[in-house]
Amino acid sequence: MFLLASVLLMNGCKEDDPIDLTGASPSITLTNTAASGIPGNTVISTVTINAPNGLNNLIVYKDGSLFETVTFNYEKTASYEFSYNIESTQVAGTVINFSFEAIDSLNRKSDQEIFTVTVLELSEKEIVQVSGELSANTTWTSDKIWRLNGLVKVMDGATLNIEPGTLIIGANDSKGTLLINRGGKIIADGTANTPIVFTSESEAGNRVPGDWGGIVICGRAPNNQGASVELEGDYGALYGGNVSNDNSGVLRYVRIEFAGNAIQANKETNSLTLASVGNATVIEHVQCSYGLDDSFEFFGGTVNAKYLVSYRTKDDDFDMDFGHNGFIQFAIAIRDANLGDDSYSNGFEIDNDGAGTVSTPYTQTVFSNVSIIGPKYTADNVVLPHLQNAAQFRKNSMPCLYNSFLAGFPTGLFMDDTKRGVSQHALNEELQIRNVILAGVENWGNNNWGGSTNNSNSPLKQVNANVAPGFEVNTWYNTSTYNNQILNTWQDAGIDQSLYTTLNPKVTPNTGSILLTAARWNNTPKAGSFFEKVEFAGAIGTVDWTLGWCQWDPSVVVYY
């Protein structure tokens, strides 16, 4: 069982505010009063509480027994996001009753409101085999399971519609992969309660990164390699063009688990590959977990994205290349100490192209509200030495990173001029770092990174060869108007240790965290109208947008 909750505080009052002894008792309303699911599913309901004299506690009972107590600070109105993962031990037909009771500052109680959860039987859904080319509009329905055999291609002019709640499994033997060709579309529009899941066909407990291929979407937006370019791996995926507002469809409330096919040495498919995808495409609420290669890789294109989760992938979390120009907000990466790639792994890996040329358009992704949580949280926990940098900006790229938080890697920010360019872009204010917080592990320095006392942590690093005259990374990063910070430890940021140590992470900052008020927007000139001007730095504030649709331990979920 997992319980994930976040509290949205509104219209708060202090403990010493005047008390209205004649005011009403607290009251509760629920967005959902009933839900159902099989073991492993997550059900959610939002509890809204009104307490004229200030809310003290919300008590949650499970079948009459105390389940959870949530403490408040005398808010008059509050919202509690309740999420319950149905335990694998629950028997089909069982009805679980969760009762909610609010207690105000005068110790007055609300009437109890009940959320009923019915446990369903694992269904014997038909498994439909899918292979080859989809040349006509096709719908995959949620009453069946769809098995990808080899490379499944959605062709130019065809649209693949996937219903909310649909399960798609990739064949292990043929490394099933879904390719959306230029001119094709995918409409995978799930919901928080009914996400669309792409995962391994292996049984619970036997799933590993690389069980199947992943999702590849190709479009006709610009890149800096050409109008018709073949993706690495030689599997016939062509991308490129000049249609900035090209539309490849919708990915919303989608999980992609255990993907990544090693086609050649150091050439794998990613969990999600976006090649010259245009900005009319919708990419929102997508979680990539336990991938063999990168979670999200962008080869050129103009596509924007929000609410991305990269979870325990092997290589890079966010890899941008070949002239991507788009906006990304609200993205979190959480790493695993035992998963790293031989090519070395980073939170961000951003290039203009492989040689660092001046090919245009330059890679200039603008990020805001990103959290990169590396696996190193004490001097003693040993992690793979393959993990390098929370952010590596290199090869003539010019990204912008705003209002973000990076922690737990041996190096926070690496400005890599080995193949020229990034330091000059920084001096020209084409590459920007603003309102970014880097957090170390027990005061940075030498702290047994990777089990070797010869390795040391540093928040900032630069390559001396090819550095632009006048650039020094510490001086540049600490420019006062940039409002960047370096913290000695991740604890100083007020994040929760469960991000490092459990498969049930608390992704919202702890009460009083400096992240909750660290965002600034007056020094972010490349942040356009796409961005929501929130107060918090990092991916998540007080409201947990991962609730309900994300899965933090997909290896044990019984899907069918």
# chains A, B, ... in the order shown; residues from 1 in each chain; ligands from 1
>>> select_by_dssp(residues="segment 206-392 of chain A", states="strand (DSSP E)", output="MDAnalysis selection string")
chainID A and resid 214:218 229:230 238:239 249:257 262:264 267:268 272:275 282:289 296:299 305:311 318:321 327:334 345:350 366:373 387:392
>>> select_by_dssp(residues="segment 359-470 of chain A", states="helix (DSSP H, G or I)", output="tab-separated table (two decimals) with C-alpha atoms, in the first residue's frame")
chain	number	residue	atom	x	y	z
A	422	VAL	CA	28.93	27.16	-24.61
A	423	SER	CA	31.06	29.65	-22.66
A	424	GLN	CA	30.82	32.24	-25.44
A	425	HIS	CA	27.05	31.72	-25.59
A	426	ALA	CA	26.96	32.29	-21.83
A	427	LEU	CA	28.88	35.56	-22.13
A	449	TRP	CA	31.65	9.27	-4.79
A	450	GLY	CA	31.27	5.87	-6.43
A	451	GLY	CA	33.21	4.19	-3.63
>>> residues_around(residues="segment 374-383 of chain A", least_positions_apart="3", cutoff="10 Å", atoms="only C-alpha atoms", output="count of residues only")
42
>>> atom_distance(atom1="atom CA of Thr481 of chain A", atom2="atom CA of Ala519 of chain A")
13.3 Å
>>> atom_distance(atom1="atom CA of Ala192 of chain A", atom2="atom CA of Glu126 of chain A")
24.3 Å
>>> residues_around(residues="Ala171 of chain A", least_positions_apart="5", cutoff="12 Å", atoms="only C-alpha atoms", output="ChimeraX atom specification")
/A:127-131,146-152,176-178,198-202,210-214,258-259,261
>>> closest_residue(among="A:Leu308, A:Val507, A:Leu167, A:Met155", to="Thr194 of chain A", atoms="only C-alpha atoms")
A:Leu167
>>> closest_residue(among="A:Asn304, A:Thr118, A:Gly291, A:Asn85", to="Asn245 of chain A", atoms="only C-alpha atoms")
A:Asn304
>>> residues_around(residues="Pro52 of chain A", least_positions_apart="2", cutoff="7 Å", atoms="only C-alpha atoms", output="list in words")
Gly23, Ala24, Pro26, Asn50, Gly54 and Lys76 of chain A
>>> closest_residue(among="A:Val463, A:Val254, A:Ile350, A:Ala35", to="Leu431 of chain A", atoms="only C-alpha atoms")
A:Ile350
>>> residues_around(residues="Asn474 of chain A", least_positions_apart="4", cutoff="9 Å", atoms="only C-alpha atoms", output="list in words")
Leu460, Lys461, Asn478 and Thr479 of chain A
>>> residues_around(residues="Ser480 of chain A", least_positions_apart="3", cutoff="12 Å", atoms="only C-alpha atoms", output="number ranges by chain")
A: 433-435, 474-477, 483-485, 523
>>> write_last_selection(atoms="C-alpha atoms", output="mmCIF file, in the first residue's frame")
data_model
loop_
_atom_site.group_PDB
_atom_site.id
_atom_site.type_symbol
_atom_site.label_atom_id
_atom_site.label_comp_id
_atom_site.auth_asym_id
_atom_site.auth_seq_id
_atom_site.Cartn_x
_atom_site.Cartn_y
_atom_site.Cartn_z
ATOM 1 C CA ILE A 433 21.127 30.010 -15.920
ATOM 2 C CA ARG A 434 18.796 31.985 -13.638
ATOM 3 C CA ASN A 435 17.301 31.276 -10.198
ATOM 4 C CA ASN A 474 32.135 30.334 -10.764
ATOM 5 C CA THR A 475 32.145 34.057 -11.469
ATOM 6 C CA TRP A 476 29.522 33.691 -14.183
ATOM 7 C CA TYR A 477 27.180 31.413 -12.214
ATOM 8 C CA ASN A 483 20.082 34.871 -8.421
ATOM 9 C CA ASN A 484 21.661 31.397 -8.458
ATOM 10 C CA GLN A 485 22.556 29.541 -5.261
ATOM 11 C CA ASN A 523 15.321 37.984 -14.921
#
>>> closest_residue(among="A:Tyr61, A:Trp140, A:Tyr80, A:Phe72", to="Ile114 of chain A", atoms="only C-alpha atoms")
A:Tyr61
>>> closest_residue(among="A:Ser359, A:Ser276, A:Ser135, A:Thr42", to="Leu547 of chain A", atoms="only C-alpha atoms")
A:Thr42
>>> atom_distance(atom1="atom CA of Ala539 of chain A", atom2="atom CA of Asn428 of chain A")
27.5 Å
>>> closest_residue(among="A:Arg252, A:Arg420, A:Lys62, A:His324", to="Thr357 of chain A", atoms="only C-alpha atoms")
A:Arg420
>>> decode(residues="segment 71-162 of chain A", atoms="C-alpha atoms", output="compact mmCIF listing (two decimals), in the first residue's frame")
# COMPACT_ATOMS: atom_id res chain seq x y z
CA THR A 71 -2.04 18.32 10.61
CA PHE A 72 -2.96 21.80 9.43
CA ASN A 73 -2.10 25.31 10.62
CA TYR A 74 -5.58 26.69 11.27
CA GLU A 75 -6.44 27.32 7.62
CA LYS A 76 -10.04 28.24 7.00
CA THR A 77 -10.06 26.45 3.66
CA ALA A 78 -7.82 23.58 2.62
CA SER A 79 -7.65 20.85 0.01
CA TYR A 80 -6.18 17.39 0.62
CA GLU A 81 -5.27 15.12 -2.30
CA PHE A 82 -5.93 11.53 -1.22
CA SER A 83 -4.36 8.69 -3.20
CA TYR A 84 -4.60 4.99 -2.38
CA ASN A 85 -2.76 2.16 -4.14
CA ILE A 86 -4.79 -1.03 -3.85
CA GLU A 87 -2.65 -3.68 -2.15
CA SER A 88 -1.81 -6.90 -4.00
CA THR A 89 -3.28 -8.85 -1.07
CA GLN A 90 -6.77 -7.43 -1.55
CA VAL A 91 -9.39 -9.94 -2.71
CA ALA A 92 -11.72 -9.19 -5.61
CA GLY A 93 -15.11 -8.03 -4.38
CA THR A 94 -13.74 -6.41 -1.24
CA VAL A 95 -15.17 -2.98 -0.45
CA ILE A 96 -12.89 -0.61 1.47
CA ASN A 97 -14.38 2.44 3.17
CA PHE A 98 -12.23 5.49 3.83
CA SER A 99 -13.81 8.02 6.18
CA PHE A 100 -12.67 11.64 6.49
CA GLU A 101 -13.30 13.77 9.57
CA ALA A 102 -12.13 17.37 10.07
CA ILE A 103 -11.39 18.85 13.52
CA ASP A 104 -11.16 22.62 13.97
CA SER A 105 -9.35 24.82 16.50
CA LEU A 106 -12.27 24.49 18.94
CA ASN A 107 -12.06 20.69 18.71
CA ARG A 108 -15.34 20.60 16.83
CA LYS A 109 -15.73 17.76 14.35
CA SER A 110 -17.28 17.65 10.92
CA ASP A 111 -19.67 15.00 9.74
CA GLN A 112 -17.74 12.12 8.25
CA GLU A 113 -17.61 11.77 4.48
CA ILE A 114 -16.93 8.35 2.98
CA PHE A 115 -14.86 7.34 -0.05
CA THR A 116 -15.66 3.76 -1.12
CA VAL A 117 -13.12 1.65 -3.00
CA THR A 118 -14.23 -1.60 -4.64
CA VAL A 119 -11.55 -4.17 -5.52
CA LEU A 120 -12.11 -5.67 -8.97
CA GLU A 121 -11.03 -9.04 -10.27
CA LEU A 122 -8.10 -9.23 -12.64
CA SER A 123 -9.80 -9.45 -16.00
CA GLU A 124 -8.99 -12.00 -18.66
CA LYS A 125 -8.67 -9.45 -21.42
CA GLU A 126 -8.00 -10.55 -24.95
CA ILE A 127 -4.42 -9.88 -26.04
CA VAL A 128 -4.39 -8.48 -29.57
CA GLN A 129 -1.21 -8.97 -31.59
CA VAL A 130 -0.11 -5.90 -33.55
CA SER A 131 2.64 -5.80 -36.18
CA GLY A 132 3.67 -4.10 -39.39
CA GLU A 133 2.16 -0.91 -40.79
CA LEU A 134 -1.01 0.89 -39.69
CA SER A 135 -2.08 2.73 -42.84
CA ALA A 136 -5.67 3.57 -41.83
CA ASN A 137 -7.13 5.21 -38.72
CA THR A 138 -7.05 2.70 -35.89
CA THR A 139 -8.38 2.61 -32.33
CA TRP A 140 -6.93 0.55 -29.49
CA THR A 141 -9.65 0.10 -26.87
CA SER A 142 -9.22 -0.32 -23.13
CA ASP A 143 -11.15 -3.63 -23.03
CA LYS A 144 -8.23 -5.37 -24.73
CA ILE A 145 -4.45 -5.60 -24.25
CA TRP A 146 -2.37 -4.64 -27.29
CA ARG A 147 0.94 -6.45 -27.90
CA LEU A 148 3.56 -4.77 -30.09
CA ASN A 149 5.47 -7.26 -32.25
CA GLY A 150 8.64 -5.84 -33.78
CA LEU A 151 8.46 -2.37 -35.31
CA VAL A 152 4.85 -1.19 -35.53
CA LYS A 153 4.56 1.86 -37.82
CA VAL A 154 1.77 4.44 -37.96
CA MET A 155 2.04 5.66 -41.53
CA ASP A 156 1.64 9.09 -43.11
CA GLY A 157 -2.03 10.10 -43.03
CA ALA A 158 -3.08 7.55 -40.40
CA THR A 159 -4.06 8.24 -36.78
CA LEU A 160 -3.71 5.78 -33.91
CA ASN A 161 -6.28 6.50 -31.18
CA ILE A 162 -5.69 4.89 -27.76
